[in-house]
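> Before anything else, here's the structure in question.
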Amino acid sequence: MLILGIETSCDETGAAIYDGARGLLAHALHSQVALHDPYGGVVPELASRDHIRRLLPLVRSVLQQAGALESDLDGVAYTRGPGLAGALLVGAAFANSLAFGLRIPAIGVHHLEGHLLSPLLEPNPPAFPFVALLVSGGHTQLMRVGGLGDYAMLGETQDDAAGEAFDKTAKLLGLGYPGGPALAKLAERGKRDRFAFPRPMLDRLEKTGELDFSFSGLKTAVVTQLRKQPVDEPLRADVAAAFQEAVAEVLVAKSRAAIERTGLERLVVAGGVGANTRLRALLDAASARDGFRVFYPAMEFCTDNGAMIALAGALRMRASPSSTGDYRFAIHPRWDLSAIP
């Protein structure tokens with residue numbers, strides 16, 4: 001079973017070829033960072049137009065890398081949502097048109113399900129069930145994953161997600177786009193203990209066991225600190241390090257609590273913030289101390305990519321091999337993961 005995966009939910013165009021027996025055969029990604037950097041964030045119209053330019057050459061590239069032809073494909077998986085409407089339409093239209101021409105299934109994939117399943121691309125993938133910490137873009141969620149489509153929410157953000165907090169704080173520090181990686185790099189030169197930033201909602205975890213998140217107050221604490229004194233380079237680095245430490249400690253504490261509550265022994269970390277090296281170091285230390293295992297996707301698969309969509313599409317097609325669809329499609333810019341079967 002040979003699946004083409006297409007990802008166009010936001011500002012990265014991804015394509016990949018996944019084989020049900022041999023695994024990932026090829027993948028390619030085009031990032032729009034340079035395109036959006038002058039604006040300090042993603043411009044949806046520019047993103048959509050760039051997907052149109054990049055998608056077909058990427059698909060041709062991954063087919064060539066995999067040594068495959070269009071006629072060899074058994075299905076085309078694409079990101080159906082959530083994401084930017086115009087960007088999603090580019091991928092959905094391309095995928096359904098190609099599938100219609102080849103008379104093969106077109107499989108609409110939930111973007112977050114792709115992230116959740118991305119560690120299954122690794123040589124030693126986790127077995128179901130597991131707890132998942134999903135920290136991708138505007139999403140920070142803890143879930144119990146029992147299997148494909150079996151997702152039970154344990155806790156989620158009530159306002160800013162971790163990734164959003166990273167980007168907003170990076171902007172306060174005068175860093176470029178994308179802010180999260182830039183802040184993490186700056187934090188490497190800072191002192192984590194110089195500022196005692198709050199650990200939002202950890203008090204509720206201790207009192208009631210609540211696993212929800214909130215990071216907007218942490219961003220406000222950074223604003224307050226920056227107004228207290230002249231901002232120089234050492235101060236910026238210390239603020240970045242202290243902020244990153246606060247976010248990471250909250251994510252680790254809630255993940256440990258979720259592991260304890262569910263009685264499971266496996267934690268999957270997925271999404272862009274999952275590439276943060278400080279978060280990984282604290283999670284690895286916690287797992288060694290508490291006796292659970294942590295699984296991460298490769299760094300290149302933490303951000304949006306076609307490989308995770310191809311994988312999710314292959315698993316969906318394997319679960320429902322007779323479902324070919326009628327090639328009519330509807331995108332879902334807002335799509336609750338719990339709403340998918």
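Labeling convention for the structure tokens: chains A, B, ... as they appear, residues from 1 per chain, ligands from 1 in order of appearance.
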Identify all residues of range 15-252 of chain A in helix (DSSP H, G or I) (DSSP on the backbone) and supply them as number ranges by chain.

A: 33-39, 44-66, 70-72, 85-102, 111-121, 162-172, 179-187, 202-208, 216-226, 233-252

> Near range 39-53 of chain A, counting only C-alpha atoms, which residues have an atom at most 6 Å away, once you skip same-chain residues fewer than 6 positions from it, shown as a PyMOL selection string?

chain A and resi 11+13+86-87+177

> Mind writing the picked residues with N, CA, C and O atoms as a short mmCIF file (atom, residue, chain, number, x, y, z; two decimals), in the first residue's frame?


```cif
data_model
loop_
_atom_site.label_atom_id
_atom_site.label_comp_id
_atom_site.auth_asym_id
_atom_site.auth_seq_id
_atom_site.Cartn_x
_atom_site.Cartn_y
_atom_site.Cartn_z
N ASP A 11 2.02 27.29 7.02
CA ASP A 11 3.10 27.95 6.29
C ASP A 11 4.22 27.00 5.87
O ASP A 11 5.33 27.43 5.61
N THR A 13 4.84 23.60 3.20
CA THR A 13 4.30 22.68 2.20
C THR A 13 5.06 21.37 2.31
O THR A 13 6.29 21.35 2.16
N GLY A 86 -7.62 28.91 3.22
CA GLY A 86 -7.06 28.95 1.87
C GLY A 86 -5.96 27.94 1.67
O GLY A 86 -5.88 27.28 0.62
N ALA A 87 -5.11 27.80 2.66
CA ALA A 87 -4.01 26.83 2.57
C ALA A 87 -4.54 25.40 2.52
O ALA A 87 -4.06 24.57 1.72
N TYR A 177 10.68 36.03 13.36
CA TYR A 177 9.72 34.95 13.12
C TYR A 177 10.45 33.77 12.47
O TYR A 177 11.30 33.98 11.60
#
```

> Nearest to Arg22 in chain A: which of A:Leu88, A:Pro38, A:Leu121, A:Ala152 is it, counting only C-alpha atoms?

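Checking each candidate against Arg22 in chain A, we get A:Leu121 as the closest.
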
> Leaving out Lys168 in chain A and any residue of its chain fewer than 6 positions from it, which residues lie within 10 Å of it when counting only C-alpha atoms, given as a list in words?

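Once the adjacent positions are removed, what remains is Asp160, Ala162, Gly174, Leu175, Gly179, Gly180, Ser216 and Lys219 of chain A.
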
> Once you have the residues from the selection above, write them out as an mmCIF file, in the first residue's frame, restricted to C-alpha atoms.


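Once everything was written out, this is result04.cif:
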```
data_model
loop_
_atom_site.group_PDB
_atom_site.id
_atom_site.type_symbol
_atom_site.label_atom_id
_atom_site.label_comp_id
_atom_site.auth_asym_id
_atom_site.auth_seq_id
_atom_site.Cartn_x
_atom_site.Cartn_y
_atom_site.Cartn_z
ATOM 1 C CA ASP A 160 -2.641 30.830 24.968
ATOM 2 C CA ALA A 162 2.602 26.944 24.790
ATOM 3 C CA GLY A 174 12.515 41.667 19.724
ATOM 4 C CA LEU A 175 13.155 38.294 18.119
ATOM 5 C CA GLY A 179 9.637 33.158 17.561
ATOM 6 C CA GLY A 180 9.768 29.824 19.378
ATOM 7 C CA SER A 216 -1.315 34.027 29.048
ATOM 8 C CA LYS A 219 3.430 36.259 29.071
#
```

> May I ask for the distance between CA of Gly83 in chain A and CA of Ala15 in chain A, given in Å to one decimal place?

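So the two atoms, CA of Gly83 in chain A and CA of Ala15 in chain A, lie 16.7 Å apart.
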
> Excluding same-chain residues fewer than 2 positions from range 302-305 of chain A, what lies within 7 Å of it counting only C-alpha atoms, as a ChimeraX atom specification?

/A:7,12,14,29,270-272,274-275,297-300,307-308

> Tell me which of A:Ala248, A:Leu63, A:Lys254, A:Leu173 sits closest to Arg227 in chain A, counting only C-alpha atoms.

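The answer is A:Leu173, which sits nearest to Arg227 in chain A.
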
> Extract, using only C-alpha atoms, all DNA, RNA and protein residues at most 12 Å from Leu120 in chain A, discarding same-chain residues fewer than 5 positions from it, and format them as a list in words.

Gly23, Leu24, Glu113, Gly114, His115, Pro125, Pro126, Ala127, Phe128, Gly147, Leu148, Val268, Val269, Ala270, Phe295, Tyr296, Pro297, Ala298, Phe301, Ala307, Met308, Ile309, Ala310, Leu311, Ala312, Ala314 and Leu315 of chain A

> Would you list the contacts of Ala237 in chain A as a list in words, taking every protein, DNA or RNA residue within 8 Å and counting only C-alpha atoms, but skipping same-chain residues closer than 5 positions in sequence?

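Contacts, with the query itself left out: Leu186, Ala187, Glu188, Arg189, Gly190 and Lys191 of chain A.
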
> Considering only strand (DSSP E) as DSSP defines it on the backbone, what residues of range 78-316 of chain A qualify? List them as a PyMOL selection string.

chain A and resi 78-81+106-110+130-136+139-147+150-156+266-270+293-295

> Restricting the calculation to only C-alpha atoms, which member of A:Pro333, A:Gly209, A:Gly176, A:Gly75 is positioned closest to Met1 in chain A?

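Answer, going by the shortest atom-to-atom distance: A:Gly75.
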
> Could you name the residues that touch Asp336 in chain A at 12 Å or less, counting only C-alpha atoms, but leaving out those on the same chain fewer than 6 positions away, as an MDAnalysis selection string?

chainID A and resid 80:83 110:113 139 141 151:153 156
